[in-house]
There are 2 protein chains.
Amino acid sequence: MSEQLEKLKEQLMEIDNLRSAAALLYWDQATYMPPGGATARGQQIATLNRISHEKFTSDRMGELLEDLAWYELESPYDSDEASLVRVTRLKYEKAIKVPSDFMAKISNHSAASYQAWTKARPANDFSTMLPYLEKTLELSRQLADFYPGYEHIADPLIDRSDEGMKAEQIRLIFSELRSKLVPMVNAITNQIATDVSCLHGDFPEQDQFQFGNMVIKQLGFDFNRGRQDKTHHPFMTKFSINDVRITTRSKDDDISESLFSTIHEAGHAFYELGINENFNATPLGSGTSSGIHESQSRLWENIVGRSREFWEFFYPKLQSAFPGQFDSVPIDQFYKAINNVERSLIRTDADEVTYNLHVMMRFDLELDLLVGQLAIKDLPQAWNERFRSDFGIVPTDDSNGVLQDVHWYSGTIGGAFQGYTLGNILSRQFYDRATQTHSEISTEIANGKFDTLQNWLREQIYRHGSKFTPNELIRRVTGNELSIEPYIRYLWGKYGQLYQL
Amino acid sequence: MSEQLEKLKEQLMEIDNLRSAAALLYWDQATYMPPGGATARGQQIATLNRISHEKFTSDRMGELLEDLAWYELESPYDSDEASLVRVTRLKYEKAIKVPSDFMAKISNHSAASYQAWTKARPANDFSTMLPYLEKTLELSRQLADFYPGYEHIADPLIDRSDEGMKAEQIRLIFSELRSKLVPMVNAITNQIATDVSCLHGDFPEQDQFQFGNMVIKQLGFDFNRGRQDKTHHPFMTKFSINDVRITTRSKDDDISESLFSTIHEAGHAFYELGINENFNATPLGSGTSSGIHESQSRLWENIVGRSREFWEFFYPKLQSAFPGQFDSVPIDQFYKAINNVERSLIRTDADEVTYNLHVMMRFDLELDLLVGQLAIKDLPQAWNERFRSDFGIVPTDDSNGVLQDVHWYSGTIGGAFQGYTLGNILSRQFYDRATQTHSEISTEIANGKFDTLQNWLREQIYRHGSKFTPNELIRRVTGNELSIEPYIRYLWGKYGQLYQL
């Protein structure tokens with residue numbers, strides 16, 4: 001049988017090579033490609049995606065998996081062999097349900113819609129996007145219908161990024177979380193506003209970039225196995241187990257933009273770089289879900305990167321890196337500034353406390369759209385009403401409202417946003433577990449040491465790649481189901497103290 | 001029939017997308033890839049090459065070409081349609097003669113040999129390379145034997161990069177050229193050595209890079225359709241008609257290294273950027289041969305870039321770009337320095353006059369090896385003997401002798417070198433033709449204007465892509481066969497004056 005397993009790995013390697021090439025085409029498009037390259041590049045990415053989808057859904061793949069079904073019966077559930085066959089089979093069974101033609105249709109529509117959105121957003125023109133969004137909604141529903149038997153039409157869409165998570169379960173979790181967050185935001189924003197002026201000044205791009213690189217190197221990012229470049233939208237991408245890259249963007253007058261996005265993307269990279277290298281170029285060889293991935297990026301960005309301990313080590317370095325700027329700013333003032341909570345319009349700029357309110361309203365709107373309780377034409381109004389209810393303010397215009405995020409305009413409606421908040425919740429659930437076992441972690445952070453935390457995360461989470469579903473992994477790591485308690489406790493503890501609630 | 005033609009173009013587009021992705025994988029490997037990415041990257045490139053070769057040699061491709069044979073009979077030879085079918089068919093017929101397994105064998109051997117060479121060259125260790133080279137020679141002969149009926153065993157290998165050129169024809173041309181060059185080199189090197197000290201100094205990498213970019217922009221390089229990056233070995237690569245990139249390397253203490261390599265690679269890029277855009281993503285859409293390509297790069301690098309007129313425009317800019325360095329250096333001294341002729345060991349560092357001697361000895365050695373007149377084990381000695389005969393000096397060691405060029409150590413023996421000298425010869429044959437029609441070209445160059453020359457080259461050479469074979473193109477452009485006369489006349493004219501021969 002091991003000969004068949006080798007054949008499977010060979011097939012998977014070929015598919016992974018095609019996907020890695022597509023990822024590089026995308027990375028280059030976002031970093032170095034001259035403008036003239038755009039048209040051909042879209043075509044090249046589409047071709048590689050199509051060929052890899054054809055190969056993954058081929059009869060040969062189906063036959064190999066059938067021949068290998070034996071492993072799932074005979075080997076332990078968490079053995080590498082059984083897991084490889086199981087996870088590949090599950091992904092295969094999901095992939096073959098959707099005809100290649102339909103995937104191509106979604107892909108072409110997404111590209112056209114994205115193109116239109118890049119113009120519509122700056123022009124504050126929702127009406128142009130109306131027909132695109134209506135088609136996106138229709139295609140999203142059709143996509144879900146390839147997986148009959150769902151409880152909620154959003155379930156198959158959510159499953160694509162957060163396997164096994166259900167709309168109803170998430171809705172319950174989110175509504176409980178919201179009920180705790182809204183009063184917290186109210187209590188905080190009734191206080192006198194924090195002085196954030198120290199974050200603003202003159203920060204040359206290259207100096208910010210170098211400082212960010214120094215920080216993530218200290219956290220454990222190995223520049224022999226990755227790099228950081230500049231883009232318009234930060235992201236993490238992987239070309240192989242030893243080549244994982246991140247990107248960042250900076251504002252010359254704001255130190256926080258680039259720095260925290262760099263730490264965030266490095267968190268994603270740590271996960272991918274820490275996966276068991278035997279899983280390389282197979283479906284086991286990447287992070288298991290959007291939510292688990294965000295738990296790692298947010299853990300490093302927020303729980304570690306916005307902690308008092310972290311800055312005990314890094315603040316003197318920041319002061320030297322930008323002479324003059326922070327000379328008369330005590331560390332506590334800086335710490336307050338980077339944890340400033342305010343009602344703001346843009347999700348990606350939001351602080352730790354309000355961020356989830358942005359996510360949850362999008363999640364609820366997605367469900368309303370999918371079940372037909374909300375029409376696309378009424379979306380801007382619904383957006384603004386919900387915003388007023390959660391934030392007490394209304395977007396100045398659609399550009400800063402319903403048009404702000406790329407997700408709905410370049411993909412599907414449903415499943416796009418829940419991972420962010422699931423990640424926030426899990427980041428603390430995991431971190432608490434880590435510090436229960438290793439109480440020395442916070443002291444180490446204050447000394448610029450991150451090995452204990454990294455090793456724990458690698459052992460508990462990173463190395464497994466996609467061997468376990470998100471729910472399985474959460475249970476293995478925490479001994480519990482997903483729970484918002486640790487996260488709420490963390491927020492009240494941190495922000496209660498910061499704002500003397 | 002035009003429906004079938006569309007189908008052919010669609011198939012070709014898919015293959016071109018795969019090849020472009022492979023080219024990007026290579027470019028990234030040479031520019032930005034972190035060291036850890038190397039192993040997987042080799043695998044990824046191999047996979048894409050294999051899939052594109054499979055698709056190009058598929059039965060479907062053969063059937064389509066058969067259905068379209070009609071075009072070759074009914075449409076004019078130089079029509080776009082007949083040319084597309086003809087050129088694709090010829091490439092297809094050549095490609096299917098070699099089994100995919102054999103191509104994979106060559107590819108794997110090349111990769112292994114290249115790896116070994118990267119260590120053997122700095123270690124001055126030819127003996128390690130002996131078994132690799134012996135296998136390379138064997139594989140090269142086998143490759144040639146897939147094309148029975150050749151006059152010389154090197155012909156099929158030469159044909160891969162310089163279609164239609166024959167070993168015997170090239171040997172005659174080269175031996176005539178050699179008989180003119182050897183006395184010229186003797187005459188020049190008997191003179192007092194040129195003072196080249198002005199080319200040495202302190203030239204920061206970034207300043208050299210910017211100066212090179214400014215120069216090629218002035219020559220007509222459109223940075224919306226390409227870019228320049230830094231690598232260890234300079235090269236040009238193309239991802240689509242509007243995304244053509246070049247790379248350069250610099251020495252901090254030598255202004256000429258990066259500058260002339262930048263102009264050289266820009267010359268290659270001008271060719272690719274100037275091809276009829278209707279040929280994009282088809283076998284017509286790239287330069288027609290190695291020799292014609294080199295004719296463009298060398299024309300820009302040497303005939304234009306090392307001319308007195310060129311520096312009338314650019315020398316003041318060079319003086320401002322590197323303040324202090326050239327203040328007391330008259331333009332004529334600089335002009336003499338960049339055209340310094342000397343007997344040197346390394347081909348890539350050689351001047352215009354001696355360069356071809358380097359190439360021709362490699363070409364002759366290739367032929368001797370292929371026909372069995374020379375054994376691999378005797379190659380270093382044969383190299384050194386020939387070097388003494390042509391240059392009057394002997395390499396200090398194999399690193400600076402037989403081990404210096406990557407070609408034999410990462411590909412085939414036969415067909416690797418002739419293009420360089422064919423290009424040099426043609427560069428002047430073409431340039432003379434251009435100036436016969438447009439006598440204003442040299443005055444324009446002195447004023448930093450390059451449009452007339454660019455337009456002529458685009459019209460005569462660039463735009464045709466691979467529509468014509470090299471020999472067809474030479475006849476169309478010059479009205480003659482390839483001839484060394486213009487090149488010899490140019491060298492005697494220029495260097496006769498410089499060295500007062």
# chains A, B, ... in the order shown; residues from 1 in each chain; ligands from 1
$ select_by_dssp --residues "region 77-235 of chain B" --states "strand (DSSP E)" --output "PyMOL selection string"
chain B and resi 226-230
$ write_last_selection --atoms "C-alpha atoms" --output "PDB file, in the first residue's frame"
ATOM      1  CA  GLY B 226       9.253  46.307 -17.194  1.00  0.00           C
ATOM      2  CA  ARG B 227      11.687  46.773 -14.367  1.00  0.00           C
ATOM      3  CA  GLN B 228      15.263  46.154 -13.353  1.00  0.00           C
ATOM      4  CA  ASP B 229      16.391  44.216 -10.289  1.00  0.00           C
ATOM      5  CA  LYS B 230      19.692  43.028  -8.863  1.00  0.00           C
TER       6      LYS B 230
END
$ interface_residues --of "chain A" --to "chain B" --cutoff "6 Å" --atoms "only C-alpha atoms" --output "VMD selection string"
chain A and resid 17 34 to 37 44 224 to 226 242 to 243
$ write_last_selection --atoms "C-alpha atoms" --output "short mmCIF file (atom, residue, chain, number, x, y, z; two decimals), in the first residue's frame"
data_model
loop_
_atom_site.label_atom_id
_atom_site.label_comp_id
_atom_site.auth_asym_id
_atom_site.auth_seq_id
_atom_site.Cartn_x
_atom_site.Cartn_y
_atom_site.Cartn_z
CA ASN A 17 3.66 23.07 -7.26
CA PRO A 34 5.02 46.73 -13.49
CA PRO A 35 1.52 48.03 -14.35
CA GLY A 36 1.70 46.61 -17.88
CA GLY A 37 1.79 43.08 -16.54
CA GLN A 44 -1.87 33.29 -15.86
CA ASN A 224 16.46 32.48 5.65
CA ARG A 225 12.98 31.00 5.34
CA GLY A 226 11.01 34.09 4.44
CA ASN A 242 10.90 27.07 3.89
CA ASP A 243 9.71 30.09 1.95
#
$ residues_around --residues "Leu143 (chain B)" --least-positions-apart "3" --cutoff "12 Å" --atoms "only C-alpha atoms" --output "short mmCIF file (atom, residue, chain, number, x, y, z; two decimals) with C-alpha atoms, in the first residue's frame"
data_model
loop_
_atom_site.label_atom_id
_atom_site.label_comp_id
_atom_site.auth_asym_id
_atom_site.auth_seq_id
_atom_site.Cartn_x
_atom_site.Cartn_y
_atom_site.Cartn_z
CA LYS B 94 10.92 19.12 -33.15
CA ALA B 95 9.45 18.76 -29.67
CA LYS B 97 10.90 13.84 -31.49
CA VAL B 98 12.29 13.87 -27.96
CA PRO B 99 10.49 11.73 -25.37
CA SER B 100 9.39 13.58 -22.22
CA ASP B 101 11.36 11.12 -20.14
CA PHE B 102 14.54 12.03 -21.93
CA MET B 103 13.90 15.76 -21.43
CA LYS B 105 16.59 13.12 -17.62
CA ILE B 106 18.50 16.06 -19.15
CA LYS B 135 27.30 12.38 -18.95
CA THR B 136 26.40 15.78 -20.36
CA LEU B 137 28.34 14.95 -23.51
CA GLU B 138 26.64 11.56 -23.78
CA LEU B 139 23.19 13.10 -23.30
CA SER B 140 23.99 15.82 -25.81
CA PHE B 146 16.75 12.16 -32.05
CA TYR B 147 17.18 14.22 -35.24
CA PRO B 148 18.79 11.78 -37.66
CA ILE B 153 26.20 16.07 -34.98
CA ALA B 154 26.24 19.62 -33.58
CA ASP B 155 23.64 20.80 -36.10
CA PRO B 156 20.53 19.70 -34.19
CA LEU B 157 21.95 21.23 -31.01
CA ILE B 158 22.80 24.51 -32.70
CA ASP B 159 19.36 24.50 -34.29
CA ARG B 160 17.74 24.61 -30.86
CA LEU B 370 30.90 15.98 -29.98
CA GLY B 411 22.84 22.25 -20.15
CA THR B 412 24.17 20.56 -23.23
CA ILE B 413 27.50 20.59 -25.00
CA GLY B 414 26.93 21.99 -28.47
CA GLY B 415 24.97 25.07 -29.47
#
$ select_by_dssp --residues "region 111-275 of chain B" --states "alpha helix (DSSP H)" --output "ChimeraX atom specification"
/B:111-120,126-145,155-161,167-189,205-219,255-273
$ write_last_selection --atoms "C-alpha atoms" --output "mmCIF file, in the first residue's frame"
data_model
loop_
_atom_site.group_PDB
_atom_site.id
_atom_site.type_symbol
_atom_site.label_atom_id
_atom_site.label_comp_id
_atom_site.auth_asym_id
_atom_site.auth_seq_id
_atom_site.Cartn_x
_atom_site.Cartn_y
_atom_site.Cartn_z
ATOM 1 C CA ALA B 111 20.328 20.581 -12.128
ATOM 2 C CA ALA B 112 22.685 18.140 -10.408
ATOM 3 C CA SER B 113 25.605 19.211 -12.574
ATOM 4 C CA TYR B 114 24.906 22.885 -11.921
ATOM 5 C CA GLN B 115 24.822 22.278 -8.174
ATOM 6 C CA ALA B 116 28.192 20.524 -8.354
ATOM 7 C CA TRP B 117 29.674 23.270 -10.533
ATOM 8 C CA THR B 118 28.732 26.035 -8.069
ATOM 9 C CA LYS B 119 31.112 24.324 -5.642
ATOM 10 C CA ALA B 120 33.715 23.052 -8.118
ATOM 11 C CA PHE B 126 37.739 20.178 -12.545
ATOM 12 C CA SER B 127 38.042 16.528 -11.532
ATOM 13 C CA THR B 128 34.692 16.626 -9.679
ATOM 14 C CA MET B 129 33.041 17.821 -12.855
ATOM 15 C CA LEU B 130 34.570 15.119 -15.019
ATOM 16 C CA PRO B 131 31.808 12.480 -14.591
ATOM 17 C CA TYR B 132 29.102 15.160 -14.906
ATOM 18 C CA LEU B 133 30.569 16.514 -18.115
ATOM 19 C CA GLU B 134 30.972 13.034 -19.534
ATOM 20 C CA LYS B 135 27.301 12.379 -18.946
ATOM 21 C CA THR B 136 26.399 15.780 -20.362
ATOM 22 C CA LEU B 137 28.339 14.949 -23.506
ATOM 23 C CA GLU B 138 26.642 11.556 -23.782
ATOM 24 C CA LEU B 139 23.189 13.100 -23.298
ATOM 25 C CA SER B 140 23.994 15.825 -25.814
ATOM 26 C CA ARG B 141 24.908 13.233 -28.424
ATOM 27 C CA GLN B 142 21.758 11.275 -27.674
ATOM 28 C CA LEU B 143 19.711 14.437 -27.982
ATOM 29 C CA ALA B 144 21.234 15.132 -31.392
ATOM 30 C CA ASP B 145 20.485 11.553 -32.455
ATOM 31 C CA ASP B 155 23.635 20.803 -36.098
ATOM 32 C CA PRO B 156 20.527 19.701 -34.187
ATOM 33 C CA LEU B 157 21.952 21.228 -31.012
ATOM 34 C CA ILE B 158 22.804 24.509 -32.702
ATOM 35 C CA ASP B 159 19.363 24.495 -34.294
ATOM 36 C CA ARG B 160 17.740 24.611 -30.856
ATOM 37 C CA SER B 161 18.976 28.149 -30.283
ATOM 38 C CA ALA B 167 28.162 23.827 -37.723
ATOM 39 C CA GLU B 168 30.098 23.827 -40.977
ATOM 40 C CA GLN B 169 28.806 27.235 -42.075
ATOM 41 C CA ILE B 170 29.527 28.742 -38.659
ATOM 42 C CA ARG B 171 32.978 27.182 -38.556
ATOM 43 C CA LEU B 172 33.888 28.794 -41.867
ATOM 44 C CA ILE B 173 32.614 32.183 -40.753
ATOM 45 C CA PHE B 174 34.361 31.922 -37.418
ATOM 46 C CA SER B 175 37.670 30.826 -38.833
ATOM 47 C CA GLU B 176 37.669 33.766 -41.217
ATOM 48 C CA LEU B 177 36.775 36.107 -38.368
ATOM 49 C CA ARG B 178 39.506 34.633 -36.219
ATOM 50 C CA SER B 179 42.100 35.171 -38.924
ATOM 51 C CA LYS B 180 41.264 38.886 -38.857
ATOM 52 C CA LEU B 181 40.961 39.256 -35.099
ATOM 53 C CA VAL B 182 44.148 37.598 -33.931
ATOM 54 C CA PRO B 183 46.418 40.090 -35.771
ATOM 55 C CA MET B 184 44.198 42.949 -34.613
ATOM 56 C CA VAL B 185 44.568 41.897 -30.982
ATOM 57 C CA ASN B 186 48.327 41.527 -31.460
ATOM 58 C CA ALA B 187 48.599 44.966 -33.002
ATOM 59 C CA ILE B 188 46.584 46.568 -30.225
ATOM 60 C CA THR B 189 48.196 44.838 -27.308
ATOM 61 C CA GLU B 205 25.472 50.216 -5.617
ATOM 62 C CA GLN B 206 22.263 52.227 -5.388
ATOM 63 C CA ASP B 207 23.726 55.151 -7.338
ATOM 64 C CA GLN B 208 24.949 52.848 -10.093
ATOM 65 C CA PHE B 209 21.536 51.221 -10.209
ATOM 66 C CA GLN B 210 19.769 54.558 -10.532
ATOM 67 C CA PHE B 211 22.170 55.781 -13.165
ATOM 68 C CA GLY B 212 21.626 52.606 -15.201
ATOM 69 C CA ASN B 213 17.863 53.031 -14.936
ATOM 70 C CA MET B 214 18.131 56.624 -16.117
ATOM 71 C CA VAL B 215 20.240 55.573 -19.106
ATOM 72 C CA ILE B 216 17.903 52.839 -20.329
ATOM 73 C CA LYS B 217 14.879 55.042 -19.771
ATOM 74 C CA GLN B 218 16.490 57.541 -22.098
ATOM 75 C CA LEU B 219 17.109 54.728 -24.595
ATOM 76 C CA ILE B 255 31.576 51.700 -12.877
ATOM 77 C CA SER B 256 31.561 49.671 -16.077
ATOM 78 C CA GLU B 257 30.326 46.268 -14.851
ATOM 79 C CA SER B 258 26.733 47.189 -14.047
ATOM 80 C CA LEU B 259 26.323 49.960 -16.601
ATOM 81 C CA PHE B 260 27.126 47.964 -19.718
ATOM 82 C CA SER B 261 25.326 44.871 -18.513
ATOM 83 C CA THR B 262 22.234 47.012 -17.936
ATOM 84 C CA ILE B 263 22.397 48.394 -21.473
ATOM 85 C CA HIS B 264 23.026 44.875 -22.811
ATOM 86 C CA GLU B 265 19.986 43.381 -21.082
ATOM 87 C CA ALA B 266 17.886 46.396 -22.054
ATOM 88 C CA GLY B 267 18.775 45.568 -25.662
ATOM 89 C CA HIS B 268 17.301 42.097 -25.194
ATOM 90 C CA ALA B 269 14.258 43.674 -23.570
ATOM 91 C CA PHE B 270 13.695 46.176 -26.421
ATOM 92 C CA TYR B 271 13.468 43.230 -28.796
ATOM 93 C CA GLU B 272 10.869 41.394 -26.719
ATOM 94 C CA LEU B 273 8.880 44.550 -25.932
#
$ residues_around --residues "Thr57 (chain A)" --least-positions-apart "3" --cutoff "12 Å" --atoms "only C-alpha atoms" --output "PDB file with N, CA and C atoms, in the first residue's frame"
ATOM      1  N   GLN A  11       1.203  12.978  -6.809  1.00  0.00           N
ATOM      2  CA  GLN A  11       0.107  13.736  -7.435  1.00  0.00           C
ATOM      3  C   GLN A  11      -0.128  15.052  -6.696  1.00  0.00           C
ATOM      4  N   LEU A  12      -0.115  14.939  -5.363  1.00  0.00           N
ATOM      5  CA  LEU A  12      -0.375  16.119  -4.541  1.00  0.00           C
ATOM      6  C   LEU A  12       0.750  17.140  -4.687  1.00  0.00           C
ATOM      7  N   ILE A  15       0.208  19.150  -7.789  1.00  0.00           N
ATOM      8  CA  ILE A  15      -0.842  20.152  -7.574  1.00  0.00           C
ATOM      9  C   ILE A  15      -0.326  21.296  -6.709  1.00  0.00           C
ATOM     10  N   ARG A  50      -7.002  26.757 -12.697  1.00  0.00           N
ATOM     11  CA  ARG A  50      -7.837  25.794 -13.401  1.00  0.00           C
ATOM     12  C   ARG A  50      -7.140  24.441 -13.522  1.00  0.00           C
ATOM     13  N   ILE A  51      -5.888  24.465 -13.927  1.00  0.00           N
ATOM     14  CA  ILE A  51      -5.169  23.191 -14.097  1.00  0.00           C
ATOM     15  C   ILE A  51      -5.037  22.459 -12.758  1.00  0.00           C
ATOM     16  N   SER A  52      -4.744  23.197 -11.692  1.00  0.00           N
ATOM     17  CA  SER A  52      -4.587  22.497 -10.411  1.00  0.00           C
ATOM     18  C   SER A  52      -5.934  21.956  -9.933  1.00  0.00           C
ATOM     19  N   HIS A  53      -7.023  22.681 -10.199  1.00  0.00           N
ATOM     20  CA  HIS A  53      -8.355  22.168  -9.838  1.00  0.00           C
ATOM     21  C   HIS A  53      -8.694  20.924 -10.651  1.00  0.00           C
ATOM     22  N   GLU A  54      -8.386  20.959 -11.944  1.00  0.00           N
ATOM     23  CA  GLU A  54      -8.611  19.770 -12.789  1.00  0.00           C
ATOM     24  C   GLU A  54      -7.843  18.562 -12.259  1.00  0.00           C
ATOM     25  N   ARG A  60      -8.243   9.990 -11.582  1.00  0.00           N
ATOM     26  CA  ARG A  60      -7.062   9.323 -11.033  1.00  0.00           C
ATOM     27  C   ARG A  60      -6.932   9.600  -9.540  1.00  0.00           C
ATOM     28  N   MET A  61      -7.213  10.827  -9.138  1.00  0.00           N
ATOM     29  CA  MET A  61      -7.146  11.172  -7.723  1.00  0.00           C
ATOM     30  C   MET A  61      -8.204  10.381  -6.952  1.00  0.00           C
ATOM     31  N   GLY A  62      -9.397  10.295  -7.536  1.00  0.00           N
ATOM     32  CA  GLY A  62     -10.470   9.537  -6.889  1.00  0.00           C
ATOM     33  C   GLY A  62     -10.092   8.072  -6.707  1.00  0.00           C
ATOM     34  N   GLU A  63      -9.498   7.487  -7.732  1.00  0.00           N
ATOM     35  CA  GLU A  63      -9.109   6.073  -7.654  1.00  0.00           C
ATOM     36  C   GLU A  63      -8.031   5.844  -6.591  1.00  0.00           C
ATOM     37  N   LEU A  64      -7.049   6.731  -6.586  1.00  0.00           N
ATOM     38  CA  LEU A  64      -5.974   6.608  -5.599  1.00  0.00           C
ATOM     39  C   LEU A  64      -6.545   6.654  -4.177  1.00  0.00           C
ATOM     40  N   LEU A  65      -7.468   7.595  -3.979  1.00  0.00           N
ATOM     41  CA  LEU A  65      -8.041   7.746  -2.636  1.00  0.00           C
ATOM     42  C   LEU A  65      -8.859   6.519  -2.258  1.00  0.00           C
ATOM     43  N   THR A  88      -7.236  14.645   2.610  1.00  0.00           N
ATOM     44  CA  THR A  88      -7.259  14.749   1.151  1.00  0.00           C
ATOM     45  C   THR A  88      -8.610  14.299   0.610  1.00  0.00           C
ATOM     46  N   ARG A  89      -9.119  13.197   1.151  1.00  0.00           N
ATOM     47  CA  ARG A  89     -10.403  12.679   0.690  1.00  0.00           C
ATOM     48  C   ARG A  89     -11.529  13.701   0.943  1.00  0.00           C
ATOM     49  N   LEU A  90     -11.552  14.269   2.134  1.00  0.00           N
ATOM     50  CA  LEU A  90     -12.609  15.239   2.449  1.00  0.00           C
ATOM     51  C   LEU A  90     -12.547  16.437   1.503  1.00  0.00           C
ATOM     52  N   LYS A  91     -11.343  16.920   1.261  1.00  0.00           N
ATOM     53  CA  LYS A  91     -11.205  18.071   0.364  1.00  0.00           C
ATOM     54  C   LYS A  91     -11.580  17.674  -1.064  1.00  0.00           C
ATOM     55  N   TYR A  92     -11.188  16.470  -1.442  1.00  0.00           N
ATOM     56  CA  TYR A  92     -11.537  15.965  -2.775  1.00  0.00           C
ATOM     57  C   TYR A  92     -13.052  15.866  -2.929  1.00  0.00           C
ATOM     58  N   GLU A  93     -13.710  15.274  -1.919  1.00  0.00           N
ATOM     59  CA  GLU A  93     -15.168  15.106  -2.004  1.00  0.00           C
ATOM     60  C   GLU A  93     -15.881  16.452  -2.094  1.00  0.00           C
ATOM     61  N   LYS A  94     -15.341  17.436  -1.396  1.00  0.00           N
ATOM     62  CA  LYS A  94     -15.939  18.778  -1.499  1.00  0.00           C
ATOM     63  C   LYS A  94     -15.659  19.395  -2.865  1.00  0.00           C
ATOM     64  N   ALA A  95     -14.450  19.185  -3.346  1.00  0.00           N
ATOM     65  CA  ALA A  95     -14.061  19.837  -4.608  1.00  0.00           C
ATOM     66  C   ALA A  95     -14.849  19.289  -5.795  1.00  0.00           C
ATOM     67  N   ILE A  96     -15.075  17.965  -5.806  1.00  0.00           N
ATOM     68  CA  ILE A  96     -15.738  17.398  -6.992  1.00  0.00           C
ATOM     69  C   ILE A  96     -17.223  17.736  -7.034  1.00  0.00           C
ATOM     70  N   LYS A  97     -17.781  18.217  -5.930  1.00  0.00           N
ATOM     71  CA  LYS A  97     -19.207  18.581  -5.943  1.00  0.00           C
ATOM     72  C   LYS A  97     -19.464  19.799  -6.816  1.00  0.00           C
ATOM     73  N   VAL A  98     -18.433  20.611  -7.002  1.00  0.00           N
ATOM     74  CA  VAL A  98     -18.624  21.853  -7.763  1.00  0.00           C
ATOM     75  C   VAL A  98     -17.988  21.688  -9.149  1.00  0.00           C
ATOM     76  N   PRO A  99     -18.795  21.817 -10.198  1.00  0.00           N
ATOM     77  CA  PRO A  99     -18.231  21.662 -11.547  1.00  0.00           C
ATOM     78  C   PRO A  99     -17.155  22.725 -11.817  1.00  0.00           C
ATOM     79  N   SER A 100     -16.128  22.340 -12.561  1.00  0.00           N
ATOM     80  CA  SER A 100     -15.050  23.282 -12.904  1.00  0.00           C
ATOM     81  C   SER A 100     -15.599  24.532 -13.580  1.00  0.00           C
TER      82      SER A 100
END
$ decode --residues "region 412-430 of chain A" --atoms "C-alpha atoms" --output "mmCIF file, in the first residue's frame"
data_model
loop_
_atom_site.group_PDB
_atom_site.id
_atom_site.type_symbol
_atom_site.label_atom_id
_atom_site.label_comp_id
_atom_site.auth_asym_id
_atom_site.auth_seq_id
_atom_site.Cartn_x
_atom_site.Cartn_y
_atom_site.Cartn_z
ATOM 1 C CA THR A 412 -18.602 35.133 -2.166
ATOM 2 C CA ILE A 413 -21.103 36.470 0.318
ATOM 3 C CA GLY A 414 -21.064 34.174 3.323
ATOM 4 C CA GLY A 415 -18.073 32.821 5.204
ATOM 5 C CA ALA A 416 -15.836 35.796 4.583
ATOM 6 C CA PHE A 417 -15.673 37.422 8.001
ATOM 7 C CA GLN A 418 -16.392 35.071 10.907
ATOM 8 C CA GLY A 419 -12.779 33.879 11.016
ATOM 9 C CA TYR A 420 -11.547 37.247 12.269
ATOM 10 C CA THR A 421 -13.613 37.174 15.426
ATOM 11 C CA LEU A 422 -13.273 33.437 15.949
ATOM 12 C CA GLY A 423 -9.551 34.137 15.796
ATOM 13 C CA ASN A 424 -9.725 36.886 18.394
ATOM 14 C CA ILE A 425 -11.689 34.683 20.756
ATOM 15 C CA LEU A 426 -9.339 31.748 20.276
ATOM 16 C CA SER A 427 -6.187 33.823 20.541
ATOM 17 C CA ARG A 428 -6.878 34.340 24.226
ATOM 18 C CA GLN A 429 -8.226 30.869 24.845
ATOM 19 C CA PHE A 430 -4.955 29.454 23.508
#
